[in-house]
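Have a look at coords28.txt below; it lists compact mmCIF, C-alpha atoms and all ligand atoms.
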# COMPACT_ATOMS: atom_id res chain seq x y z
CA MET A 1 -56.76 -126.92 138.17
CA THR A 2 -59.69 -124.54 138.01
CA ASP A 3 -59.10 -123.81 134.34
CA THR A 4 -62.43 -124.09 132.55
CA THR A 5 -61.35 -123.22 129.05
CA HIS A 6 -61.58 -126.89 128.04
CA ALA A 7 -58.35 -126.82 126.08
CA GLY A 8 -56.58 -130.16 125.83
CA PRO A 9 -58.07 -133.55 126.70
CA PRO A 10 -61.64 -133.77 128.04
CA PRO A 11 -61.74 -133.29 131.82
CA LEU A 12 -63.83 -136.40 132.41
CA ASP A 13 -63.72 -139.76 130.72
CA PRO A 14 -65.89 -142.85 131.15
CA ALA A 15 -63.42 -144.28 133.68
CA THR A 16 -63.56 -141.24 135.98
CA ALA A 17 -67.16 -140.07 135.47
CA ALA A 18 -68.74 -142.50 137.95
CA GLY A 19 -66.34 -141.40 140.69
CA ALA A 20 -66.99 -137.76 139.85
CA VAL A 21 -70.75 -138.32 140.16
CA ALA A 22 -70.28 -139.98 143.56
CA LEU A 23 -68.24 -136.98 144.73
CA LEU A 24 -70.83 -134.56 143.32
CA GLN A 25 -73.46 -136.16 145.55
CA VAL A 26 -71.21 -135.64 148.59
CA PHE A 27 -70.79 -131.94 147.86
CA ARG A 28 -74.43 -131.44 146.91
CA SER A 29 -75.54 -132.72 150.31
CA SER A 30 -72.70 -131.29 152.41
CA GLY A 31 -71.79 -127.88 150.97
CA SER A 32 -68.20 -126.84 151.62
CA LEU A 33 -65.58 -129.48 152.50
CA THR A 34 -61.81 -129.98 152.75
CA ARG A 35 -60.12 -132.98 151.16
CA ALA A 36 -59.75 -134.55 154.62
CA GLU A 37 -63.47 -134.08 155.33
CA VAL A 38 -64.38 -135.74 152.04
CA GLY A 39 -62.20 -138.68 153.06
CA GLU A 40 -63.86 -138.88 156.48
CA ARG A 41 -67.37 -138.80 155.03
CA THR A 42 -66.80 -141.30 152.26
CA GLY A 43 -64.12 -143.63 153.59
CA TRP A 44 -62.32 -143.29 150.24
CA ALA A 45 -58.53 -143.60 150.13
CA ARG A 46 -56.65 -140.33 149.93
CA VAL A 47 -55.53 -140.98 146.37
CA THR A 48 -59.16 -141.63 145.34
CA VAL A 49 -60.35 -138.42 147.01
CA ASN A 50 -57.63 -136.44 145.27
CA SER A 51 -58.20 -137.86 141.80
CA ARG A 52 -61.98 -137.38 142.00
CA MET A 53 -61.66 -133.84 143.32
CA ASP A 54 -59.15 -133.00 140.62
CA ALA A 55 -61.48 -134.39 137.96
CA LEU A 56 -64.41 -132.28 139.19
CA ALA A 57 -62.22 -129.19 139.52
CA ASP A 58 -60.77 -129.69 136.05
CA CYS A 59 -64.25 -129.61 134.54
CA GLY A 60 -65.11 -126.46 136.46
CA LEU A 61 -67.62 -127.95 138.89
CA LEU A 62 -65.49 -127.61 142.03
CA VAL A 63 -63.93 -124.34 143.22
CA GLU A 64 -61.92 -123.25 146.23
CA ASP A 65 -63.93 -121.79 149.09
CA GLY A 66 -61.42 -120.30 151.54
CA THR A 67 -59.35 -122.13 154.14
CA VAL A 68 -59.83 -123.57 157.60
CA VAL A 69 -57.20 -124.13 160.26
CA GLY A 70 -56.66 -127.86 160.68
CA GLY A 71 -55.97 -129.84 163.86
CA ARG A 72 -52.25 -129.10 163.92
CA GLY A 73 -52.67 -125.51 162.87
CA ARG A 74 -52.04 -126.08 159.16
CA PRO A 75 -54.60 -124.32 156.99
CA ALA A 76 -56.61 -126.60 154.73
CA THR A 77 -58.39 -125.45 151.58
CA ARG A 78 -62.15 -125.84 151.47
CA PHE A 79 -63.98 -126.62 148.25
CA ARG A 80 -67.55 -126.25 147.08
CA LEU A 81 -69.55 -126.86 143.93
CA ASP A 82 -69.70 -123.98 141.47
CA PRO A 83 -73.39 -123.71 140.52
CA THR A 84 -72.57 -121.13 137.82
CA ARG A 85 -70.77 -123.76 135.72
CA ALA A 86 -73.92 -124.25 133.61
CA VAL A 87 -77.55 -123.17 133.43
CA LEU A 88 -80.88 -125.00 133.39
CA LEU A 89 -83.95 -123.78 131.52
CA VAL A 90 -87.37 -124.42 133.03
CA ALA A 91 -90.95 -123.84 131.92
CA ASP A 92 -93.82 -124.35 134.37
CA ILE A 93 -96.82 -124.37 132.05
CA GLY A 94 -100.26 -123.85 133.58
CA ALA A 95 -103.77 -123.66 132.19
CA SER A 96 -103.66 -119.91 131.52
CA GLY A 97 -100.03 -118.87 131.86
CA MET A 98 -96.47 -120.11 132.12
CA ARG A 99 -93.50 -119.28 134.32
CA LEU A 100 -90.18 -119.46 132.52
CA ALA A 101 -86.77 -119.26 134.16
CA VAL A 102 -83.04 -119.66 133.71
CA CYS A 103 -81.57 -121.22 136.85
CA ASP A 104 -78.08 -122.11 137.96
CA LEU A 105 -77.22 -125.67 138.96
CA ALA A 106 -78.31 -125.00 142.55
CA GLY A 107 -81.75 -123.91 141.36
CA VAL A 108 -81.21 -120.17 141.93
CA VAL A 109 -83.35 -118.25 139.44
CA LEU A 110 -81.11 -115.97 137.33
CA ARG A 111 -83.74 -114.67 134.90
CA ARG A 112 -87.48 -115.15 134.80
CA ALA A 113 -90.55 -114.30 132.74
CA GLU A 114 -94.27 -114.89 132.95
CA VAL A 115 -96.12 -115.43 129.69
CA PRO A 116 -99.89 -115.73 129.29
CA CYS A 117 -101.10 -118.74 127.32
CA ALA A 118 -104.17 -120.92 126.88
CA ILE A 119 -103.25 -124.58 127.32
CA ALA A 120 -106.16 -125.62 125.08
CA ASP A 121 -104.53 -123.80 122.13
CA GLY A 122 -102.58 -127.05 121.78
CA PRO A 123 -98.97 -128.19 121.97
CA ALA A 124 -97.60 -126.46 118.85
CA THR A 125 -98.69 -123.00 120.00
CA VAL A 126 -97.99 -123.41 123.70
CA LEU A 127 -94.62 -125.17 123.39
CA GLY A 128 -93.62 -122.63 120.73
CA LEU A 129 -94.34 -119.79 123.17
CA ALA A 130 -92.42 -121.56 125.95
CA LEU A 131 -89.36 -122.32 123.84
CA GLU A 132 -89.19 -118.87 122.25
CA GLY A 133 -89.41 -117.39 125.74
CA LEU A 134 -86.70 -119.70 127.08
CA ALA A 135 -84.42 -118.88 124.14
CA ARG A 136 -84.82 -115.16 124.86
CA LEU A 137 -84.09 -115.65 128.57
CA ARG A 138 -81.10 -117.82 127.76
CA ASP A 139 -79.69 -115.05 125.54
CA ALA A 140 -79.80 -112.77 128.59
CA VAL A 141 -77.44 -115.15 130.44
CA PRO A 142 -74.72 -115.75 127.86
CA GLY A 143 -71.67 -117.76 128.80
CA PRO A 144 -72.46 -120.89 130.76
CA PRO A 145 -73.74 -123.77 128.62
CA VAL A 146 -77.27 -125.15 128.93
CA TRP A 147 -77.18 -128.55 130.64
CA GLY A 148 -80.86 -129.40 130.73
CA VAL A 149 -84.47 -128.32 130.23
CA GLY A 150 -87.32 -129.03 132.65
CA LEU A 151 -90.93 -128.58 131.64
CA SER A 152 -94.19 -129.21 133.47
CA VAL A 153 -97.75 -129.40 132.19
CA PRO A 154 -101.14 -129.33 133.96
CA GLY A 155 -102.02 -132.93 133.17
CA PRO A 156 -100.95 -136.56 133.60
CA VAL A 157 -97.51 -137.47 132.20
CA GLU A 158 -96.66 -141.11 131.54
CA ALA A 159 -93.47 -141.77 133.49
CA ALA A 160 -91.78 -144.15 131.04
CA THR A 161 -92.34 -142.12 127.86
CA GLY A 162 -92.83 -138.52 129.02
CA ARG A 163 -96.07 -138.43 127.01
CA VAL A 164 -99.15 -136.50 128.10
CA VAL A 165 -101.94 -139.06 128.58
CA SER A 166 -105.70 -138.35 128.58
CA PRO A 167 -105.40 -134.85 130.08
CA PRO A 168 -108.77 -133.45 131.26
CA ILE A 169 -108.06 -129.79 130.43
CA MET A 170 -105.33 -130.01 127.76
CA THR A 171 -107.27 -130.24 124.52
CA GLY A 172 -105.08 -131.54 121.69
CA TRP A 173 -102.25 -132.78 123.91
CA ASP A 174 -103.20 -136.46 124.30
CA GLY A 175 -100.22 -138.64 123.32
CA VAL A 176 -97.87 -135.69 122.80
CA ALA A 177 -94.25 -136.00 124.00
CA PRO A 178 -93.16 -132.40 124.72
CA ALA A 179 -89.49 -133.44 124.97
CA ASP A 180 -89.43 -134.13 121.20
CA THR A 181 -90.25 -130.48 120.52
CA VAL A 182 -87.84 -129.20 123.20
CA ARG A 183 -84.94 -131.12 121.61
CA GLN A 184 -85.50 -129.33 118.31
CA TRP A 185 -84.46 -126.16 120.17
CA PHE A 186 -82.07 -127.41 122.84
CA ASP A 187 -80.18 -130.67 122.34
CA VAL A 188 -79.85 -131.48 126.05
CA PRO A 189 -81.53 -133.81 128.57
CA VAL A 190 -85.21 -132.92 129.05
CA LEU A 191 -87.40 -133.59 132.09
CA VAL A 192 -91.16 -133.54 131.52
CA GLU A 193 -93.22 -133.54 134.69
CA ASN A 194 -96.79 -133.17 135.86
CA ASP A 195 -97.16 -129.67 137.34
CA VAL A 196 -98.11 -130.75 140.84
CA ASN A 197 -95.30 -133.32 141.02
CA ALA A 198 -92.90 -130.51 140.09
CA MET A 199 -94.36 -128.36 142.86
CA ALA A 200 -93.98 -131.17 145.40
CA ALA A 201 -90.32 -131.49 144.40
CA GLY A 202 -89.86 -127.71 144.62
CA GLU A 203 -91.37 -127.48 148.09
CA ARG A 204 -89.08 -130.22 149.25
CA ALA A 205 -85.93 -128.83 147.60
CA GLN A 206 -86.46 -125.25 148.74
CA CYS A 207 -88.38 -125.33 152.04
CA HIS A 208 -88.06 -128.85 153.45
CA PRO A 209 -84.69 -130.24 152.30
CA ASP A 210 -84.40 -132.47 155.36
CA VAL A 211 -87.88 -133.95 154.91
CA ASP A 212 -87.98 -137.22 153.00
CA ASP A 213 -91.76 -137.75 153.08
CA LEU A 214 -94.01 -134.91 151.97
CA LEU A 215 -97.47 -134.49 150.44
CA PHE A 216 -98.15 -131.39 148.36
CA LEU A 217 -101.78 -130.42 147.78
CA LYS A 218 -102.63 -127.76 145.22
CA VAL A 219 -106.06 -126.20 145.51
CA GLY A 220 -106.63 -123.68 142.77
CA THR A 221 -109.10 -123.82 139.91
CA GLY A 222 -108.65 -127.62 140.17
CA VAL A 223 -107.28 -129.94 142.84
CA GLY A 224 -104.08 -131.94 142.47
CA SER A 225 -101.44 -133.46 144.69
CA GLY A 226 -97.96 -134.91 144.52
CA VAL A 227 -96.06 -137.20 146.84
CA VAL A 228 -92.40 -137.22 147.82
CA SER A 229 -91.48 -140.49 149.53
CA ASN A 230 -87.99 -141.45 150.65
CA GLY A 231 -86.80 -138.20 149.08
CA ARG A 232 -88.16 -138.93 145.62
CA VAL A 233 -91.27 -137.94 143.70
CA VAL A 234 -93.54 -140.99 143.54
CA ARG A 235 -94.75 -141.70 140.01
CA GLY A 236 -96.15 -145.22 140.22
CA ALA A 237 -96.34 -147.76 137.41
CA GLN A 238 -97.65 -145.34 134.78
CA GLY A 239 -97.06 -141.91 136.27
CA SER A 240 -100.41 -141.17 137.90
CA ALA A 241 -99.44 -141.87 141.52
CA GLY A 242 -100.09 -139.36 144.25
CA ASP A 243 -102.99 -137.41 142.76
CA ILE A 244 -105.91 -137.44 145.19
CA GLY A 245 -107.88 -134.78 143.26
CA HIS A 246 -109.89 -137.40 141.40
CA THR A 247 -110.52 -139.83 144.24
CA TRP A 248 -113.99 -140.42 145.71
CA ALA A 249 -115.02 -137.62 148.06
CA ASP A 250 -117.17 -137.41 151.17
CA THR A 251 -120.44 -135.62 150.50
CA PRO A 252 -120.07 -132.19 152.11
CA ASP A 253 -122.33 -131.26 155.04
CA GLY A 254 -125.62 -129.82 153.83
CA THR A 255 -125.26 -131.33 150.35
CA PRO A 256 -127.57 -134.08 149.07
CA ALA A 257 -125.83 -137.45 148.64
CA GLU A 258 -127.21 -137.73 145.09
CA PRO A 259 -126.69 -136.74 142.39
CA ARG A 260 -122.94 -136.43 142.74
CA PRO A 261 -121.54 -133.53 140.69
CA LEU A 262 -119.81 -134.14 137.38
CA CYS A 263 -116.04 -133.61 137.45
CA ARG A 264 -113.78 -132.26 134.70
CA CYS A 265 -112.23 -135.73 134.43
CA GLY A 266 -115.58 -137.19 133.31
CA LYS A 267 -116.34 -139.07 136.54
CA THR A 268 -118.66 -137.88 139.28
CA GLY A 269 -118.10 -137.00 142.92
CA CYS A 270 -114.31 -136.50 142.91
CA LEU A 271 -112.66 -134.30 145.56
CA GLU A 272 -112.18 -131.74 142.79
CA ALA A 273 -115.89 -131.80 141.91
CA TYR A 274 -116.77 -130.67 145.47
CA ALA A 275 -113.80 -128.71 146.77
CA SER A 276 -111.89 -127.03 143.91
CA GLY A 277 -112.08 -123.38 142.93
CA TRP A 278 -114.32 -124.08 139.94
CA ALA A 279 -116.62 -126.32 141.99
CA LEU A 280 -117.05 -123.70 144.74
CA VAL A 281 -117.79 -120.97 142.20
CA ASP A 282 -120.49 -123.22 140.66
CA GLN A 283 -121.95 -124.19 144.06
CA LEU A 284 -122.15 -120.59 145.25
CA ALA A 285 -123.80 -119.47 142.01
CA ALA A 286 -126.42 -122.21 142.41
CA ALA A 287 -127.02 -121.06 146.00
CA GLY A 288 -127.63 -117.47 144.92
CA HIS A 289 -124.14 -116.09 145.66
CA PRO A 290 -122.54 -115.46 142.28
CA VAL A 291 -118.83 -114.71 142.85
CA GLY A 292 -117.92 -115.12 139.19
CA SER A 293 -114.44 -116.57 139.57
CA VAL A 294 -111.92 -117.96 142.04
CA ASP A 295 -110.60 -114.41 142.48
CA GLY A 296 -114.14 -113.28 143.26
CA LEU A 297 -114.46 -116.06 145.82
CA LEU A 298 -111.22 -114.98 147.52
CA THR A 299 -112.41 -111.38 147.62
CA ALA A 300 -115.63 -112.50 149.32
CA VAL A 301 -113.67 -114.59 151.85
CA ARG A 302 -111.38 -111.68 152.69
CA ALA A 303 -114.41 -109.42 153.10
CA GLY A 304 -115.68 -111.90 155.69
CA GLU A 305 -118.80 -112.91 153.72
CA ARG A 306 -120.20 -115.78 155.74
CA TYR A 307 -121.37 -117.87 152.79
CA ALA A 308 -117.88 -117.69 151.23
CA VAL A 309 -116.03 -118.48 154.46
CA ALA A 310 -118.37 -121.41 155.15
CA ALA A 311 -117.89 -122.77 151.63
CA VAL A 312 -114.09 -122.65 151.86
CA ARG A 313 -114.08 -124.15 155.35
CA GLU A 314 -116.31 -127.03 154.20
CA ALA A 315 -114.10 -127.51 151.12
CA GLY A 316 -111.18 -127.82 153.54
CA ARG A 317 -113.02 -130.58 155.42
CA VAL A 318 -113.81 -132.47 152.21
CA LEU A 319 -110.17 -132.17 151.13
CA GLY A 320 -109.06 -133.10 154.64
CA ALA A 321 -110.95 -136.40 154.42
CA GLY A 322 -108.97 -137.21 151.27
CA VAL A 323 -105.70 -136.00 152.77
CA ALA A 324 -106.39 -138.12 155.89
CA GLN A 325 -106.44 -141.28 153.79
CA ALA A 326 -103.20 -140.30 152.08
CA VAL A 327 -101.64 -139.48 155.46
CA SER A 328 -102.60 -142.87 156.88
CA MET A 329 -101.18 -144.60 153.83
CA LEU A 330 -97.99 -142.58 153.30
CA ASN A 331 -97.17 -141.14 156.75
CA PRO A 332 -95.65 -137.87 155.48
CA SER A 333 -93.89 -135.49 157.90
CA VAL A 334 -95.30 -132.43 156.16
CA VAL A 335 -98.41 -131.65 154.13
CA VAL A 336 -97.89 -128.44 152.13
CA VAL A 337 -101.01 -126.74 150.80
CA GLY A 338 -100.56 -124.39 147.85
CA GLY A 339 -102.64 -122.91 145.04
CA GLN A 340 -104.95 -119.91 145.02
CA LEU A 341 -107.42 -121.20 147.62
CA ALA A 342 -104.63 -121.76 150.15
CA GLU A 343 -104.46 -117.96 150.28
CA ALA A 344 -107.99 -117.83 151.74
CA ASP A 345 -106.73 -116.93 155.21
CA GLU A 346 -106.68 -119.96 157.49
CA HIS A 347 -110.11 -121.25 156.54
CA LEU A 348 -109.03 -123.91 154.05
CA LEU A 349 -106.17 -125.17 156.22
CA ALA A 350 -108.37 -125.18 159.32
CA GLY A 351 -110.87 -127.46 157.57
CA ILE A 352 -108.10 -129.77 156.36
CA ARG A 353 -106.46 -129.97 159.80
CA GLU A 354 -109.78 -130.72 161.47
CA ARG A 355 -110.52 -133.75 159.28
CA VAL A 356 -106.96 -135.07 159.20
CA ALA A 357 -106.77 -134.98 163.00
CA ALA A 358 -110.10 -136.78 163.28
CA ARG A 359 -109.50 -139.47 160.68
CA SER A 360 -105.82 -140.35 160.30
CA LEU A 361 -103.96 -142.87 162.41
CA PRO A 362 -102.63 -141.25 165.62
CA LEU A 363 -99.09 -142.37 164.87
CA ALA A 364 -99.29 -140.75 161.42
CA THR A 365 -100.48 -137.40 162.80
CA ARG A 366 -98.37 -137.22 165.98
CA ASP A 367 -95.65 -135.04 164.43
CA LEU A 368 -97.44 -134.11 161.21
CA GLN A 369 -97.25 -130.48 160.10
CA ILE A 370 -99.90 -129.08 157.74
CA VAL A 371 -98.55 -125.80 156.38
CA ARG A 372 -99.20 -123.30 153.65
CA SER A 373 -96.77 -123.01 150.74
CA LYS A 374 -94.33 -120.11 151.10
CA LEU A 375 -93.05 -120.19 147.54
CA ASP A 376 -95.59 -117.79 146.06
CA GLY A 377 -96.15 -119.79 142.90
CA ASP A 378 -92.47 -120.59 142.31
CA ALA A 379 -92.66 -124.18 143.58
CA GLY A 380 -92.99 -125.62 140.07
CA VAL A 381 -90.01 -123.71 138.65
CA LEU A 382 -87.82 -124.66 141.61
CA GLY A 383 -88.91 -128.30 141.47
CA LEU A 384 -88.13 -128.55 137.77
CA ALA A 385 -84.69 -127.02 138.32
CA ALA A 386 -83.99 -129.48 141.15
CA GLY A 387 -85.25 -132.39 139.05
CA ILE A 388 -83.21 -131.67 135.94
CA ALA A 389 -80.10 -130.86 138.02
CA GLU A 390 -80.48 -134.22 139.73
CA ARG A 391 -80.83 -135.99 136.40
CA VAL A 392 -77.69 -134.39 134.93
CA MET A 393 -75.53 -134.72 138.02
CA SER A 394 -76.46 -138.23 139.12
CA ASP A 395 -75.80 -140.13 135.89
CA PRO A 396 -72.16 -140.54 134.76
CA ASP A 397 -73.04 -140.75 131.05
CA VAL A 398 -75.25 -137.66 131.18
CA LEU A 399 -72.63 -135.72 133.14
CA LEU A 400 -69.95 -136.78 130.70
CA ALA A 401 -71.97 -135.39 127.79
CA ALA A 402 -72.78 -132.21 129.74
CA VAL A 403 -69.21 -131.23 130.61
CA ALA A 404 -68.23 -131.67 126.96
CA ARG A 405 -70.69 -128.92 125.94
ZN ZN B 501 -112.42 -136.01 138.69

Can you give me the file's structure in the form of structure tokens?
Amino acid sequence: MTDTTHAGPPPLDPATAAGAVALLQVFRSSGSLTRAEVGERTGWARVTVNSRMDALADCGLLVEDGTVVGGRGRPATRFRLDPTRAVLLVADIGASGMRLAVCDLAGVVLRRAEVPCAIADGPATVLGLALEGLARLRDAVPGPPVWGVGLSVPGPVEAATGRVVSPPIMTGWDGVAPADTVRQWFDVPVLVENDVNAMAAGERAQCHPDVDDLLFLKVGTGVGSGVVSNGRVVRGAQGSAGDIGHTWADTPDGTPAEPRPLCRCGKTGCLEAYASGWALVDQLAAAGHPVGSVDGLLTAVRAGERYAVAAVREAGRVLGAGVAQAVSMLNPSVVVVGGQLAEADEHLLAGIRERVAARSLPLATRDLQIVRSKLDGDAGVLGLAAGIAERVMSDPDVLLAAVAR
């Protein structure tokens, strides 16, 4: 029953696909189980358990995983999902470079590449680079079929259509639906995501799988954030939910209340306009401390330059005021801070913690953890893999089409 050569009738049909999807969810959350354990967890009749397990095994998604000795001493076979049954292709596209990867169904990266790009070169050039790169990586993992492609971009993505909408830094991308281009290369389900939403999903999938409510804050050249609530990325009515980078900021200590600085989004006085990498570089230059770039700022912080440490600490406080409002509203268990500026020792996180503790509701902060990302820039890739895996394995029709590939 573990034959995966696909000879004979298709292993799943519309009548059995829904049951197979339900069983997939059981194994995805539980790992390795015997038939009896599946029955205990689901309450399904034995005949139902057996037919659903046989269906998943026949399409190569379920494999034997050793035996355990049962209550009366009879060994029982354990089963687990086989994540090598298919691969997922992901492209985490940033402003100046992209991370490409081939992952298995559990999100383990099998092959990876980093490719420089300039997002403002426009969708034809940038998507061409991404898809050529993914095709090359895919050729290095021959065998398992491609079941999905996940792609993220550094701008707002309309949830219903997957279109990029009014992106501040993505010249030429307004109204573009990247999935249309992806499907010219790979005729599979495509997930298009905002980059920070993908990172929030990746942090949750990889580092906080038991946490259902999480806020991810990225502080790099810009500021963005994504929210996981009840275990799902929150998108809102149009797809712009969860981003506090362009909300109204406190005026930092020692800064005149007016005029408020112009932001890249066209408004003035956003969190990003005071506390992002680009804003700090501008502020320090105006104050007679030219650091040149975000890298230069980090070098100055690590060298203990007081002006740089003070600027990052104050940026943390400004961000913390914004995070405090989100914490009061959303009550996350964990706030994960990533991006280049999160690497500035503890100064940024210290500023954030200080303001969140002072301003959020006590009940919301009682067990709140504010931690630095441990994924070293891979959060987006891992979040995209988790997202596209979820899409393929939670919808009977999509799974049915996938196993026929
Ligand atoms: Zn803004």

Item to check | Atomic distance CA of Thr251 (chain A) - CA of Tyr274 (chain A), expressed in Å with one decimal | outcome: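 Taking CA of Thr251 (chain A) as the start and CA of Tyr274 (chain A) as the end point, the length is 8.0 Å.
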
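With all atoms listed in the file as the atoms that count, the residue of A:Val126, A:Leu88, A:Cys59, A:Cys263 with the shortest distance to Val109 (chain A) is A:Leu88.
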
Using all atoms listed in the file, which protein or nucleic acid residues come within 12 Å of Ile93 (chain A)? Drop anything in the same chain fewer than 6 positions from it, and give the result as a CSV table (one decimal) with C-alpha atoms, keeping the file's coordinate frame.
chain,number,residue,atom,x,y,z
A,99,ARG,CA,-93.5,-119.3,134.3
A,100,LEU,CA,-90.2,-119.5,132.5
A,101,ALA,CA,-86.8,-119.3,134.2
A,113,ALA,CA,-90.6,-114.3,132.7
A,114,GLU,CA,-94.3,-114.9,133.0
A,115,VAL,CA,-96.1,-115.4,129.7
A,116,PRO,CA,-99.9,-115.7,129.3
A,117,CYS,CA,-101.1,-118.7,127.3
A,118,ALA,CA,-104.2,-120.9,126.9
A,119,ILE,CA,-103.2,-124.6,127.3
A,120,ALA,CA,-106.2,-125.6,125.1
A,123,PRO,CA,-99.0,-128.2,122.0
A,126,VAL,CA,-98.0,-123.4,123.7
A,127,LEU,CA,-94.6,-125.2,123.4
A,128,GLY,CA,-93.6,-122.6,120.7
A,129,LEU,CA,-94.3,-119.8,123.2
A,130,ALA,CA,-92.4,-121.6,126.0
A,131,LEU,CA,-89.4,-122.3,123.8
A,133,GLY,CA,-89.4,-117.4,125.7
A,150,GLY,CA,-87.3,-129.0,132.6
A,151,LEU,CA,-90.9,-128.6,131.6
A,152,SER,CA,-94.2,-129.2,133.5
A,153,VAL,CA,-97.8,-129.4,132.2
A,154,PRO,CA,-101.1,-129.3,134.0
A,155,GLY,CA,-102.0,-132.9,133.2
A,170,MET,CA,-105.3,-130.0,127.8
A,178,PRO,CA,-93.2,-132.4,124.7
A,192,VAL,CA,-91.2,-133.5,131.5
A,193,GLU,CA,-93.2,-133.5,134.7
A,194,ASN,CA,-96.8,-133.2,135.9
A,195,ASP,CA,-97.2,-129.7,137.3
A,196,VAL,CA,-98.1,-130.8,140.8
A,198,ALA,CA,-92.9,-130.5,140.1
A,199,MET,CA,-94.4,-128.4,142.9
A,377,GLY,CA,-96.2,-119.8,142.9
A,378,ASP,CA,-92.5,-120.6,142.3
A,380,GLY,CA,-93.0,-125.6,140.1
A,381,VAL,CA,-90.0,-123.7,138.6
A,384,LEU,CA,-88.1,-128.6,137.8

Next on the checklist: Around ligand ZN 501 (chain B), which protein and nucleic acid residues have at least one atom no more than 12 Å from it, if we count only C-alpha atoms and all ligand atoms? List them as a PyMOL selection string.
Outcome noted: chain A and resi 167-169+222-224+243-249+260-276+279

Checklist entry - So, counting only C-alpha atoms, which residue among A:Val165, A:Leu297, A:Leu23, A:Val176 is closest to Ala124 (chain A)? => result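 The shortest atom-to-atom distance to Ala124 (chain A) comes from A:Val176.
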
Sorted per-residue table, region 138-227 of chain A near region 231-242 of chain A, closest atoms and distance, 6 Å, all atoms listed in the file, as CSV:
residue,atom,partner,partner_atom,distance
A:Glu158,CA,A:Gly239,CA,4.8
A:Ala159,CA,A:Gly239,CA,4.5
A:Asp212,CA,A:Gly231,CA,4.2
A:Gly226,CA,A:Gly242,CA,4.9
A:Val227,CA,A:Gly242,CA,5.3

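Distance-wise, CA of Ala286 (chain A) and CA of Pro259 (chain A) end up 14.5 Å apart.
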
Checklist entry - Contacts of region 343-354 of chain A at 6 Å or less, counting all atoms listed in the file, minus same-chain residues fewer than 2 places along, as a VMD selection string? => result chain A and resid 312 to 313 316 to 317 320 340 to 341 356 to 357

Checklist entry - Can you tell me how far CA of Leu81 (chain A) sits from CA of Leu61 (chain A), in Å to one decimal? => result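 CA of Leu81 (chain A) sits 5.5 Å away from CA of Leu61 (chain A).
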
Item to check | Top pick for closest residue to Ser96 (chain A), considering A:Asp367, A:Asp395, A:Asp121, A:Asp65 and counting only C-alpha atoms | outcome: A:Asp121

Next on the checklist: Restricting the calculation to only C-alpha atoms: of A:Gly387, A:Gly43, A:Gly148, A:Gly304, which residue gets closest to Arg183 (chain A)?
Outcome noted: A:Gly148
